[in-house]
>>> print(open('model-v8.txt').read())   # compact mmCIF, C-alpha atoms (C1' of nucleotides)
# COMPACT_ATOMS: atom_id res chain seq x y z
CA MET W 15 169.99 80.24 131.83
CA PRO W 16 170.71 80.41 128.09
CA GLU W 17 170.17 84.19 128.16
CA ARG W 18 173.39 86.09 128.44
CA LYS W 19 173.15 89.73 129.31
CA PRO W 20 174.24 91.82 126.33
CA ARG W 21 176.92 94.40 126.63
CA LYS W 22 176.08 98.06 126.95
CA ASP W 23 177.68 99.22 123.72
CA ALA W 24 175.78 96.47 121.95
CA VAL W 25 172.39 97.75 123.02
CA ARG W 26 173.40 101.34 122.36
CA ASN W 27 174.53 100.49 118.86
CA ARG W 28 171.44 98.44 118.21
CA ALA W 29 169.26 101.40 119.09
CA ALA W 30 171.39 103.75 117.03
CA VAL W 31 171.07 101.50 114.01
CA LEU W 32 167.29 101.28 114.31
CA GLU W 33 166.98 105.02 114.60
CA ALA W 34 169.30 105.64 111.68
CA ALA W 35 167.48 103.16 109.50
CA ASP W 36 164.14 104.71 110.31
CA ALA W 37 165.40 108.16 109.46
CA LEU W 38 166.92 107.03 106.17
CA PHE W 39 163.87 105.09 105.07
CA ALA W 40 161.69 108.07 105.89
CA ARG W 41 163.92 110.39 103.89
CA CYS W 42 164.23 108.40 100.67
CA ASP W 43 161.12 107.20 98.91
CA ARG W 44 162.62 104.23 97.12
CA PRO W 45 163.39 101.78 99.92
CA ASP W 46 166.25 100.06 98.08
CA ASP W 47 168.01 103.37 97.70
CA VAL W 48 168.94 102.86 101.33
CA THR W 49 171.88 100.47 101.47
CA MET W 50 173.23 98.68 104.49
CA ALA W 51 176.38 100.76 104.21
CA ASP W 52 174.28 103.92 104.32
CA ILE W 53 172.57 102.81 107.50
CA ALA W 54 175.86 101.86 109.10
CA ALA W 55 177.36 105.22 108.21
CA GLU W 56 174.33 107.14 109.47
CA ALA W 57 174.43 105.20 112.73
CA GLY W 58 178.17 105.73 113.03
CA VAL W 59 178.99 102.03 113.24
CA GLY W 60 180.60 99.46 111.00
CA LYS W 61 178.69 97.26 108.63
CA GLY W 62 179.60 94.17 110.59
CA THR W 63 177.67 95.50 113.56
CA LEU W 64 174.49 95.68 111.52
CA PHE W 65 174.67 92.11 110.41
CA ARG W 66 175.67 90.75 113.80
CA ALA W 67 172.74 92.49 115.43
CA PHE W 68 170.05 91.71 112.87
CA GLY W 69 171.28 88.84 110.74
CA ASP W 70 170.47 90.36 107.40
CA ARG W 71 168.61 93.18 105.69
CA VAL W 72 165.21 91.63 106.19
CA GLY W 73 165.91 91.07 109.87
CA LEU W 74 166.77 94.71 110.36
CA ILE W 75 163.69 95.99 108.59
CA ARG W 76 161.47 93.49 110.36
CA ALA W 77 162.84 94.47 113.77
CA LEU W 78 162.16 98.10 113.00
CA TYR W 79 158.68 97.40 111.70
CA GLU W 80 157.67 95.25 114.62
CA ALA W 81 159.00 97.76 117.12
CA ARG W 82 156.82 100.44 115.56
CA LEU W 83 153.83 98.12 115.33
CA GLU W 84 154.02 97.02 118.91
CA PRO W 85 151.88 99.81 120.42
CA VAL W 86 149.11 99.00 117.98
CA GLU W 87 149.22 95.33 118.88
CA GLU W 88 149.18 96.28 122.53
CA ALA W 89 146.03 98.33 121.97
CA VAL W 90 144.49 95.42 120.12
CA THR W 91 145.25 92.70 122.62
CA SER W 92 144.55 94.58 125.83
CA GLY W 93 143.16 98.01 125.11
CA PRO W 94 139.65 99.41 125.29
CA ALA W 95 136.92 99.00 122.67
CA PRO W 96 136.58 99.28 119.76
CA LEU W 97 140.12 97.95 119.21
CA GLY W 98 140.38 95.80 122.30
CA PRO W 99 138.83 92.40 122.93
CA SER W 100 135.76 93.82 124.63
CA ALA W 101 134.28 95.14 121.40
CA PRO W 102 131.73 93.06 119.48
CA PRO W 103 133.08 91.59 116.23
CA HIS W 104 131.05 93.71 113.83
CA LEU W 105 132.58 96.81 115.38
CA ARG W 106 135.99 95.43 116.10
CA VAL W 107 136.74 94.25 112.58
CA PRO W 108 136.47 97.68 110.98
CA ALA W 109 138.35 99.18 113.91
CA LEU W 110 141.22 96.75 113.41
CA LEU W 111 141.44 97.44 109.72
CA ASP W 112 141.30 101.16 110.28
CA ALA W 113 144.07 100.94 112.83
CA LEU W 114 146.18 98.93 110.42
CA LEU W 115 145.53 101.37 107.61
CA CYS W 116 146.47 104.31 109.79
CA PHE W 117 149.61 102.53 110.85
CA LYS W 118 150.62 101.94 107.26
CA LEU W 119 149.83 105.52 106.38
CA ASP W 120 152.00 106.75 109.20
CA ASN W 121 154.79 104.31 108.39
CA ARG W 122 154.58 104.04 104.65
CA HIS W 123 158.32 103.87 104.18
CA LEU W 124 158.70 101.03 106.64
CA ALA W 125 155.77 99.00 105.42
CA LEU W 126 156.94 99.47 101.87
CA ALA W 127 160.45 98.41 102.73
CA LEU W 128 159.22 95.32 104.53
CA GLU W 129 156.65 94.14 102.02
CA GLY W 130 158.83 95.01 99.09
CA THR W 131 161.49 92.58 100.22
CA GLY W 132 161.08 90.68 96.99
CA SER W 133 161.99 87.14 97.79
CA ASP W 134 160.30 87.21 101.17
CA SER W 135 156.53 87.39 100.94
CA PRO W 136 154.60 89.21 103.68
CA TYR W 137 152.74 86.00 104.40
CA GLY W 138 155.65 84.40 106.15
CA ALA W 139 155.95 87.09 108.82
CA ALA W 140 154.84 86.28 112.34
CA HIS W 141 152.79 89.42 112.76
CA TYR W 142 150.81 88.65 109.63
CA GLU W 143 149.88 85.28 111.10
CA ARG W 144 148.67 86.98 114.26
CA TRP W 145 146.53 89.53 112.49
CA HIS W 146 145.08 86.96 110.17
CA ALA W 147 144.18 84.55 112.95
CA LEU W 148 142.55 87.32 114.95
CA LEU W 149 140.57 88.64 112.02
CA ARG W 150 139.50 85.19 110.94
CA GLY W 151 138.19 84.41 114.40
CA LEU W 152 136.21 87.61 114.49
CA LEU W 153 134.76 87.13 111.03
CA GLU W 154 133.54 83.68 111.90
CA GLN W 155 131.57 85.17 114.76
CA VAL W 156 129.66 87.32 112.31
CA PRO W 157 126.78 85.35 110.80
CA GLY W 158 126.47 84.77 107.08
CA HIS W 159 130.03 83.84 106.25
CA GLY W 160 131.37 80.61 104.93
CA ASP W 161 135.14 80.68 105.29
CA GLY W 162 136.45 83.58 107.32
CA GLY W 163 140.00 82.63 106.46
CA PHE W 164 139.92 83.86 102.91
CA ALA W 165 137.93 86.95 103.76
CA ALA W 166 140.53 87.79 106.38
CA HIS W 167 143.30 87.51 103.80
CA ALA W 168 141.36 89.61 101.34
CA LEU W 169 140.63 92.35 103.84
CA LEU W 170 144.25 92.45 104.91
CA ALA W 171 145.26 92.62 101.27
CA ALA W 172 143.22 95.79 100.97
CA THR W 173 145.71 97.46 103.31
CA ARG W 174 148.86 96.30 101.54
CA ALA W 175 151.65 98.80 101.70
CA ASP W 176 152.11 99.30 97.99
CA LEU W 177 148.38 99.84 97.46
CA VAL W 178 148.32 102.37 100.27
CA GLU W 179 151.36 104.04 98.80
CA HIS W 180 149.79 104.12 95.36
CA LEU W 181 146.58 105.71 96.60
CA ALA W 182 147.90 108.01 99.29
CA GLY W 183 151.15 108.84 97.56
CA ARG W 184 150.80 108.67 93.81
CA GLU W 185 147.14 109.59 93.60
CA SER W 186 147.14 111.89 96.62
CA VAL W 187 143.96 110.49 98.11
CA PRO W 188 143.56 112.25 101.45
CA ARG W 189 143.90 110.21 104.58
CA ASP W 190 140.33 110.51 105.76
CA ARG W 191 138.91 109.69 102.38
CA LEU W 192 140.98 106.53 102.23
CA ARG W 193 139.85 105.54 105.71
CA ALA W 194 136.25 106.11 104.73
CA GLN W 195 136.64 104.00 101.61
CA LEU W 196 138.16 101.13 103.53
CA ALA W 197 135.44 101.40 106.16
CA ASP W 198 132.81 101.34 103.47
CA PHE W 199 134.34 98.33 101.80
CA THR W 200 134.62 96.53 105.10
CA ALA W 201 131.01 97.27 105.90
CA GLY W 202 130.04 95.78 102.57
CA VAL W 203 131.94 92.61 103.32
CA LEU W 204 130.37 92.39 106.75
CA GLY W 205 126.91 93.14 105.41
CA THR W 206 126.57 96.09 107.75
CA ARG W 207 126.65 98.89 105.22
CA ARG W 208 124.54 101.80 106.26
CA GLU W 209 121.64 103.05 104.12
CA PRO W 210 122.56 105.61 101.47
CA ALA W 211 121.65 109.08 102.68
CA MET F 23 157.49 105.19 58.38
CA PRO F 24 159.25 104.91 61.69
CA GLU F 25 158.77 101.13 61.77
CA ARG F 26 161.75 99.21 60.51
CA LYS F 27 161.26 95.56 59.85
CA PRO F 28 163.30 93.50 62.32
CA ARG F 29 165.78 90.94 61.18
CA LYS F 30 164.97 87.25 61.27
CA ASP F 31 167.55 86.24 63.82
CA ALA F 32 166.30 89.00 66.05
CA VAL F 33 162.78 87.64 66.19
CA ARG F 34 164.03 84.09 66.55
CA ASN F 35 166.24 85.04 69.48
CA ARG F 36 163.49 87.05 71.06
CA ALA F 37 161.20 84.05 71.00
CA ALA F 38 163.94 81.77 72.30
CA VAL F 39 164.58 84.09 75.21
CA LEU F 40 160.92 84.25 76.16
CA GLU F 41 160.61 80.50 76.06
CA ALA F 42 163.79 79.98 78.06
CA ALA F 43 162.72 82.49 80.68
CA ASP F 44 159.33 80.88 81.02
CA ALA F 45 160.88 77.47 81.49
CA LEU F 46 163.36 78.69 84.07
CA PHE F 47 160.82 80.62 86.08
CA ALA F 48 158.55 77.60 86.07
CA ARG F 49 161.36 75.35 87.26
CA CYS F 50 162.69 77.42 90.15
CA ASP F 51 160.29 78.60 92.82
CA ARG F 52 162.25 81.63 93.97
CA PRO F 53 162.00 84.03 91.04
CA ASP F 54 165.25 85.85 91.83
CA ASP F 55 167.14 82.59 91.64
CA VAL F 56 166.80 83.03 87.90
CA THR F 57 169.46 85.46 86.77
CA MET F 58 169.70 87.18 83.44
CA ALA F 59 172.81 85.16 82.69
CA ASP F 60 170.86 81.96 83.33
CA ILE F 61 168.18 82.97 80.89
CA ALA F 62 170.73 83.93 78.27
CA ALA F 63 172.52 80.61 78.67
CA GLU F 64 169.29 78.62 78.51
CA ALA F 65 168.27 80.48 75.37
CA GLY F 66 171.71 80.03 73.84
CA VAL F 67 172.33 83.72 73.33
CA GLY F 68 174.54 86.36 74.87
CA LYS F 69 173.46 88.59 77.72
CA GLY F 70 173.59 91.65 75.51
CA THR F 71 170.84 90.20 73.36
CA LEU F 72 168.50 90.01 76.33
CA PHE F 73 168.96 93.62 77.25
CA ARG F 74 168.75 94.92 73.70
CA ALA F 75 165.49 93.09 73.15
CA PHE F 76 163.77 93.87 76.43
CA GLY F 77 165.58 96.79 78.00
CA ASP F 78 165.95 95.36 81.45
CA ARG F 79 164.82 92.57 83.73
CA VAL F 80 161.42 94.05 84.37
CA GLY F 81 160.86 94.54 80.66
CA LEU F 82 161.57 90.90 79.96
CA ILE F 83 159.27 89.63 82.68
CA ARG F 84 156.56 92.05 81.71
CA ALA F 85 156.74 91.02 78.06
CA LEU F 86 156.40 87.40 79.05
CA TYR F 87 153.54 88.09 81.42
CA GLU F 88 151.58 90.18 79.00
CA ALA F 89 152.04 87.66 76.22
CA ARG F 90 150.53 84.98 78.44
CA LEU F 91 147.77 87.28 79.64
CA GLU F 92 146.73 88.37 76.20
CA PRO F 93 144.25 85.54 75.50
CA VAL F 94 142.45 86.34 78.73
CA GLU F 95 142.20 90.00 77.85
CA GLU F 96 140.95 89.03 74.42
CA ALA F 97 138.20 86.94 76.01
CA VAL F 98 137.33 89.85 78.25
CA THR F 99 137.17 92.56 75.64
CA SER F 100 135.47 90.67 72.85
CA GLY F 101 134.44 87.22 74.00
CA PRO F 102 131.09 85.76 75.01
CA ALA F 103 129.41 86.14 78.39
CA PRO F 104 130.07 85.88 81.24
CA LEU F 105 133.55 87.26 80.59
CA GLY F 106 132.73 89.40 77.59
CA PRO F 107 131.01 92.77 77.50
CA SER F 108 127.57 91.30 76.95
CA ALA F 109 127.29 89.96 80.48
CA PRO F 110 125.49 92.01 83.13
CA PRO F 111 127.82 93.51 85.74
CA HIS F 112 126.75 91.38 88.68
CA LEU F 113 127.74 88.29 86.70
CA ARG F 114 130.69 89.73 84.88
CA VAL F 115 132.53 90.94 87.95
CA PRO F 116 132.86 87.51 89.55
CA ALA F 117 133.68 86.02 86.15
CA LEU F 118 136.51 88.51 85.67
CA LEU F 119 137.97 87.84 89.07
CA ASP F 120 137.70 84.12 88.59
CA ALA F 121 139.47 84.36 85.27
CA LEU F 122 142.21 86.42 86.83
CA LEU F 123 142.59 83.98 89.69
CA CYS F 124 142.80 81.04 87.32
CA PHE F 125 145.38 82.87 85.27
CA LYS F 126 147.50 83.50 88.31
CA LEU F 127 147.14 79.91 89.41
CA ASP F 128 148.26 78.69 86.02
CA ASN F 129 151.12 81.18 85.87
CA ARG F 130 152.15 81.49 89.47
CA HIS F 131 155.83 81.73 88.70
CA LEU F 132 155.33 84.54 86.21
CA ALA F 133 152.94 86.53 88.32
CA LEU F 134 155.22 86.13 91.28
CA ALA F 135 158.23 87.23 89.30
CA LEU F 136 156.41 90.29 87.98
CA GLU F 137 154.79 91.45 91.20
CA GLY F 138 157.87 90.66 93.25
CA THR F 139 159.94 93.13 91.29
CA GLY F 140 160.61 95.03 94.46
CA SER F 141 161.13 98.60 93.44
CA ASP F 142 158.42 98.47 90.81
CA SER F 143 154.95 98.20 92.32
CA PRO F 144 152.26 96.34 90.38
CA TYR F 145 150.19 99.49 90.34
CA GLY F 146 152.31 101.13 87.70
CA ALA F 147 151.75 98.43 85.10
CA ALA F 148 149.52 99.18 82.14
CA HIS F 149 147.50 96.00 82.42
CA TYR F 150 146.68 96.76 86.04
CA GLU F 151 145.25 100.10 84.98
CA ARG F 152 143.08 98.38 82.40
CA TRP F 153 141.70 95.80 84.78
CA HIS F 154 141.08 98.36 87.44
CA ALA F 155 139.25 100.73 85.15
CA LEU F 156 137.09 97.94 83.80
CA LEU F 157 136.24 96.60 87.22
CA ARG F 158 135.52 100.02 88.58
CA GLY F 159 133.12 100.77 85.78
CA LEU F 160 131.27 97.54 86.34
CA LEU F 161 131.07 98.01 90.09
CA GLU F 162 129.58 101.44 89.68
CA GLN F 163 126.78 99.92 87.65
CA VAL F 164 125.84 97.74 90.59
CA PRO F 165 123.61 99.68 93.00
CA GLY F 166 124.55 100.25 96.60
CA HIS F 167 128.17 101.25 96.20
CA GLY F 168 129.83 104.50 97.02
CA ASP F 169 133.23 104.49 95.38
CA GLY F 170 133.84 101.61 93.03
CA GLY F 171 137.46 102.62 92.65
CA PHE F 172 138.59 101.42 96.02
CA ALA F 173 136.46 98.28 95.88
CA ALA F 174 138.07 97.48 92.54
CA HIS F 175 141.53 97.83 94.05
CA ALA F 176 140.56 95.69 97.01
CA LEU F 177 139.07 92.93 94.89
CA LEU F 178 142.13 92.88 92.67
CA ALA F 179 144.31 92.75 95.78
CA ALA F 180 142.54 89.54 96.73
CA THR F 181 144.14 87.91 93.68
CA ARG F 182 147.68 89.14 94.30
CA ALA F 183 150.28 86.68 93.21
CA ASP F 184 151.96 86.20 96.56
CA LEU F 185 148.65 85.60 98.29
CA VAL F 186 147.69 83.06 95.67
CA GLU F 187 151.09 81.44 96.04
CA HIS F 188 150.76 81.35 99.79
CA LEU F 189 147.36 79.70 99.70
CA ALA F 190 147.73 77.40 96.72
CA GLY F 191 151.39 76.65 97.25
CA ARG F 192 152.33 76.82 100.90
CA GLU F 193 148.96 75.84 102.33
CA SER F 194 147.98 73.53 99.47
CA VAL F 195 144.47 74.87 99.15
CA PRO F 196 142.99 73.10 96.14
CA ARG F 197 142.23 75.13 93.07
CA ASP F 198 138.48 74.76 93.16
CA ARG F 199 138.26 75.57 96.82
CA LEU F 200 140.19 78.77 96.27
CA ARG F 201 137.95 79.72 93.37
CA ALA F 202 134.89 79.08 95.50
CA GLN F 203 136.29 81.22 98.30
CA LEU F 204 137.02 84.11 95.99
CA ALA F 205 133.57 83.77 94.42
CA ASP F 206 131.99 83.81 97.85
CA PHE F 207 133.95 86.86 98.91
CA THR F 208 133.08 88.65 95.70
CA ALA F 209 129.42 87.85 96.15
CA GLY F 210 129.59 89.33 99.63
CA VAL F 211 131.08 92.53 98.29
CA LEU F 212 128.45 92.72 95.58
CA GLY F 213 125.66 91.95 98.00
CA THR F 214 124.58 88.97 95.91
CA ARG F 215 125.61 86.20 98.25
CA ARG F 216 123.35 83.20 97.99
CA GLU F 217 121.39 81.88 100.96
CA PRO F 218 123.20 79.29 103.08
CA ALA F 219 121.95 75.84 102.16
C1' DA G 10 195.59 95.20 137.26
C1' DA G 11 194.93 91.40 134.58
C1' DC G 12 192.38 88.72 131.52
C1' DA G 13 188.67 86.30 129.00
C1' DA G 14 184.66 87.14 126.59
C1' DT G 15 182.28 89.96 123.72
C1' DA G 16 181.65 93.32 120.27
C1' DC G 17 183.57 96.38 116.72
C1' DG G 18 184.58 97.90 111.91
C1' DG G 19 186.03 98.15 107.44
C1' DA G 20 188.70 95.50 104.02
C1' DC G 21 187.20 91.89 101.43
C1' DC G 22 184.34 88.57 98.55
C1' DA G 23 180.86 86.68 95.37
C1' DC G 24 177.56 87.89 92.43
C1' DC G 25 174.11 90.48 89.83
C1' DG G 26 172.06 93.76 86.62
C1' DG G 27 173.47 96.41 83.01
C1' DT G 28 176.95 98.45 79.39
C1' DC G 29 180.14 98.41 75.52
C1' DC G 30 182.32 97.54 71.41
C1' DG G 31 184.84 94.50 68.07
C1' DC G 32 182.98 90.91 65.22
C1' DT G 33 179.30 88.33 62.53
C1' DT G 34 175.09 87.97 60.08
C1' DT G 35 171.64 89.72 57.17
C1' DG G 36 169.48 91.38 53.22
C1' DC G 37 169.33 94.95 49.81
C1' DA G 38 171.37 96.54 45.40
C1' DA G 39 174.15 96.39 41.60
C1' DT J 11 176.90 86.42 42.58
C1' DT J 12 179.17 89.74 44.78
C1' DG J 13 179.69 93.99 47.64
C1' DC J 14 178.64 96.48 51.50
C1' DA J 15 176.43 99.15 55.12
C1' DA J 16 173.40 98.48 58.67
C1' DA J 17 171.48 95.64 62.14
C1' DG J 18 172.39 92.34 65.44
C1' DC J 19 175.34 89.57 68.38
C1' DG J 20 177.90 88.07 72.65
C1' DG J 21 180.75 87.94 76.43
C1' DA J 22 184.38 90.62 78.80
C1' DC J 23 183.76 94.21 81.69
C1' DC J 24 181.98 97.62 85.29
C1' DG J 25 179.78 99.69 89.47
C1' DG J 26 177.62 98.55 93.33
C1' DT J 27 175.25 95.54 96.81
C1' DG J 28 174.45 92.22 100.50
C1' DG J 29 177.03 89.59 103.38
C1' DT J 30 181.64 87.61 105.68
C1' DC J 31 185.94 87.64 108.32
C1' DC J 32 189.28 88.49 111.56
C1' DG J 33 192.70 91.54 113.85
C1' DT J 34 191.72 95.05 117.23
C1' DA J 35 189.26 97.62 120.84
C1' DT J 36 185.91 97.55 124.60
C1' DT J 37 183.76 95.61 128.36
C1' DG J 38 183.16 93.87 133.09
C1' DT J 39 184.64 90.36 136.25
C1' DT J 40 188.08 88.50 139.61
>>> encode(input="model-v8.txt", output="structure tokens")
Amino acid sequence: MPERKPRKDAVRNRAAVLEAADALFARCDRPDDVTMADIAAEAGVGKGTLFRAFGDRVGLIRALYEARLEPVEEAVTSGPAPLGPSAPPHLRVPALLDALLCFKLDNRHLALALEGTGSDSPYGAAHYERWHALLRGLLEQVPGHGDGGFAAHALLAATRADLVEHLAGRESVPRDRLRAQLADFTAGVLGTRREPA
Amino acid sequence: MPERKPRKDAVRNRAAVLEAADALFARCDRPDDVTMADIAAEAGVGKGTLFRAFGDRVGLIRALYEARLEPVEEAVTSGPAPLGPSAPPHLRVPALLDALLCFKLDNRHLALALEGTGSDSPYGAAHYERWHALLRGLLEQVPGHGDGGFAAHALLAATRADLVEHLAGRESVPRDRLRAQLADFTAGVLGTRREPA
DNA sequence: AACAATACGGACCACCGGTCCGCTTTGCAA
DNA sequence: TTGCAAAGCGGACCGGTGGTCCGTATTGTT
């Protein structure tokens, strides 16, 4: 059994750090304004604790991001239609993208902090791989597409955190309008765009 | 006459710095491995010279990027079809995106360095505004589209530097295949996809 | 109660972007 | 050619950041 049970204070501190980091990222708009020392202070722990628990800055942000994303992934892998596996591809694809967009809207600070990690591109993250593989598989079930792999990347790129931030934040595009625009774009890609009124 | 003629050594050093930076970024794959001190040393000047000439790191990278991009923009604004203004929108849009993709393939290191500037999103840059406005205008001339603004953002997002790097670099997708994939995706968005053979 | 094992925390380090100011180069003018 | 102010130079220097280290405090097990 390589798994050793962690100590109580360890798990308590880990939780405290995650909560503190979330609060700080939500408060400040520039993600790099939040330093590791800030997070440690807010959580009431020492800096060493942060790095022991999460390895480095990216690890901390990633842990936070994936914790927040987990409910969405749960809904995708084993929830009801249109997000869950029971939905037909041409309905599930836009539902997935909408869910992702909503998630990024609701967690702009986190998504921005994670994707803006400079040296570490979003394309190395495990969750990106999962989403891409899922989307690719669905796209290839929709007729009239050559390579679903690139289309999947392109559609995911349309929900990139800094683009969302630019539109929703800087240009103040309302949430529902953005969702409608993404849905419209997705429909175009799928070839299922509705007739103009 | 607010313009004062710059001294000779100033222009010589400026050119040397740009060349040195280009070489260093091309050599190393991680853009932040290249420090300002490295660039200064490679160019044979002092660090102060870098900052006086370009303001800060972003300024230097941006200057380099825009210098390299300028021929492409020239071809777009006043060249022949299909890139120039004489081409009809449904041909010019894919031509523009292809040109952009090729540019990013040929200048991966630069594009990566510029877009990976962390705190500074690509959406604030002047050249992004130009490309977006142009693309949006063209898209709105193609029938069957609601808001060309979002579609323009999404298409541009499909050529983001880190995505290109991931596909062309990490996954070794050959240049022509990538171009074909982007062309196919673009055709889908425009509703001009050709019949499967 | 005693004692490993584990975790804590903040002093400490290396390094980076950016500033500053005494010195050199340039080019105009006499 | 010489004189001279302005423009430019460069590298020591600074503030601050991510990340490390190790003496000390906290666990929980016997």
>>> interface_residues(input="model-v8.txt", of="chain G", to="chain W", cutoff="10 Å", atoms="all atoms listed in the file", output="VMD selection string")
chain G and resid 15 to 19
>>> interface_residues(input="model-v8.txt", of="chain J", to="chain F", cutoff="8 Å", atoms="all atoms listed in the file", output="PDB file with C-alpha atoms (C1' of nucleotides), in the frame of the given file")
ATOM      1  C1'  DA J  17     171.480  95.640  62.140  1.00  0.00           C
ATOM      2  C1'  DG J  18     172.390  92.340  65.440  1.00  0.00           C
ATOM      3  C1'  DC J  19     175.340  89.570  68.380  1.00  0.00           C
ATOM      4  C1'  DG J  20     177.900  88.070  72.650  1.00  0.00           C
ATOM      5  C1'  DG J  21     180.750  87.940  76.430  1.00  0.00           C
TER       6       DG J  21
END
>>> atom_distance(input="model-v8.txt", atom1="CA of Gly151 in chain W", atom2="CA of Ala109 in chain W")
14.8 Å
>>> closest_residue(input="model-v8.txt", among="W:Ala140, W:Gly69, W:Asp47, W:Ala101", to="chain F", atoms="only C-alpha atoms")
W:Asp47
>>> closest_atom_pairs(input="model-v8.txt", of="chain W", to="chain F", cutoff="8 Å", atoms="all atoms listed in the file", output="tab-separated table")
residue	atom	partner	partner_atom	distance
W:Arg44	CA	F:Ser141	CA	6.9
W:Pro45	CA	F:Ser141	CA	7.6
W:Asp46	CA	F:Ser141	CA	7.1
W:Gly130	CA	F:Gly140	CA	5.0
W:Thr131	CA	F:Gly140	CA	6.3
W:Gly132	CA	F:Gly138	CA	4.9
W:Ser133	CA	F:Arg52	CA	6.7
W:Ser135	CA	F:Asp184	CA	6.4
W:Tyr137	CA	F:His188	CA	6.8
W:Gly158	CA	F:Pro218	CA	7.5
W:Gly160	CA	F:Asp206	CA	7.8
W:Asp161	CA	F:Gln203	CA	7.1
W:Phe164	CA	F:Gln203	CA	6.4
W:Ala165	CA	F:Phe207	CA	6.3
W:His167	CA	F:Ala180	CA	7.4
W:Ala168	CA	F:Ala180	CA	4.8
W:Leu169	CA	F:Ala176	CA	7.6
W:Ala171	CA	F:Ala179	CA	5.6
W:Ala172	CA	F:Ala176	CA	4.8
W:Asp176	CA	F:Ser143	CA	6.4
W:Leu177	CA	F:Tyr145	CA	7.4
W:His180	CA	F:Tyr145	CA	6.8
W:Gln195	CA	F:Phe172	CA	6.5
W:Leu196	CA	F:Phe172	CA	7.5
W:Asp198	CA	F:Gly168	CA	7.8
W:Phe199	CA	F:Ala173	CA	6.3
W:Gly202	CA	F:Val211	CA	5.5
W:Val203	CA	F:Val211	CA	5.1
W:Leu204	CA	F:Gly210	CA	7.8
W:Gly205	CA	F:Gly210	CA	7.4
W:Pro210	CA	F:Gly166	CA	7.5
>>> write_last_selection(input="model-v8.txt", atoms="C-alpha atoms", output="tab-separated table (two decimals), keeping the file's coordinate frame")
chain	number	residue	atom	x	y	z
W	44	ARG	CA	162.62	104.23	97.12
W	45	PRO	CA	163.39	101.78	99.92
W	46	ASP	CA	166.25	100.06	98.08
W	130	GLY	CA	158.83	95.01	99.09
W	131	THR	CA	161.49	92.58	100.22
W	132	GLY	CA	161.08	90.68	96.99
W	133	SER	CA	161.99	87.14	97.79
W	135	SER	CA	156.53	87.39	100.94
W	137	TYR	CA	152.74	86.00	104.40
W	158	GLY	CA	126.47	84.77	107.08
W	160	GLY	CA	131.37	80.61	104.93
W	161	ASP	CA	135.14	80.68	105.29
W	164	PHE	CA	139.92	83.86	102.91
W	165	ALA	CA	137.93	86.95	103.76
W	167	HIS	CA	143.30	87.51	103.80
W	168	ALA	CA	141.36	89.61	101.34
W	169	LEU	CA	140.63	92.35	103.84
W	171	ALA	CA	145.26	92.62	101.27
W	172	ALA	CA	143.22	95.79	100.97
W	176	ASP	CA	152.11	99.30	97.99
W	177	LEU	CA	148.38	99.84	97.46
W	180	HIS	CA	149.79	104.12	95.36
W	195	GLN	CA	136.64	104.00	101.61
W	196	LEU	CA	138.16	101.13	103.53
W	198	ASP	CA	132.81	101.34	103.47
W	199	PHE	CA	134.34	98.33	101.80
W	202	GLY	CA	130.04	95.78	102.57
W	203	VAL	CA	131.94	92.61	103.32
W	204	LEU	CA	130.37	92.39	106.75
W	205	GLY	CA	126.91	93.14	105.41
W	210	PRO	CA	122.56	105.61	101.47
>>> residues_around(input="model-v8.txt", residues="range 26-30 of chain J", least_positions_apart="5", cutoff="12 Å", atoms="all atoms listed in the file", output="PyMOL selection string")
(chain W and resi 46-52+61-66+68-72) or (chain G and resi 19-27)
>>> atom_distance(input="model-v8.txt", atom1="CA of Trp145 in chain W", atom2="CA of Leu114 in chain W")
9.6 Å
>>> residues_around(input="model-v8.txt", residues="His123 in chain W", least_positions_apart="6", cutoff="7 Å", atoms="all atoms listed in the file", output="PyMOL selection string")
chain W and resi 39-40+43+45
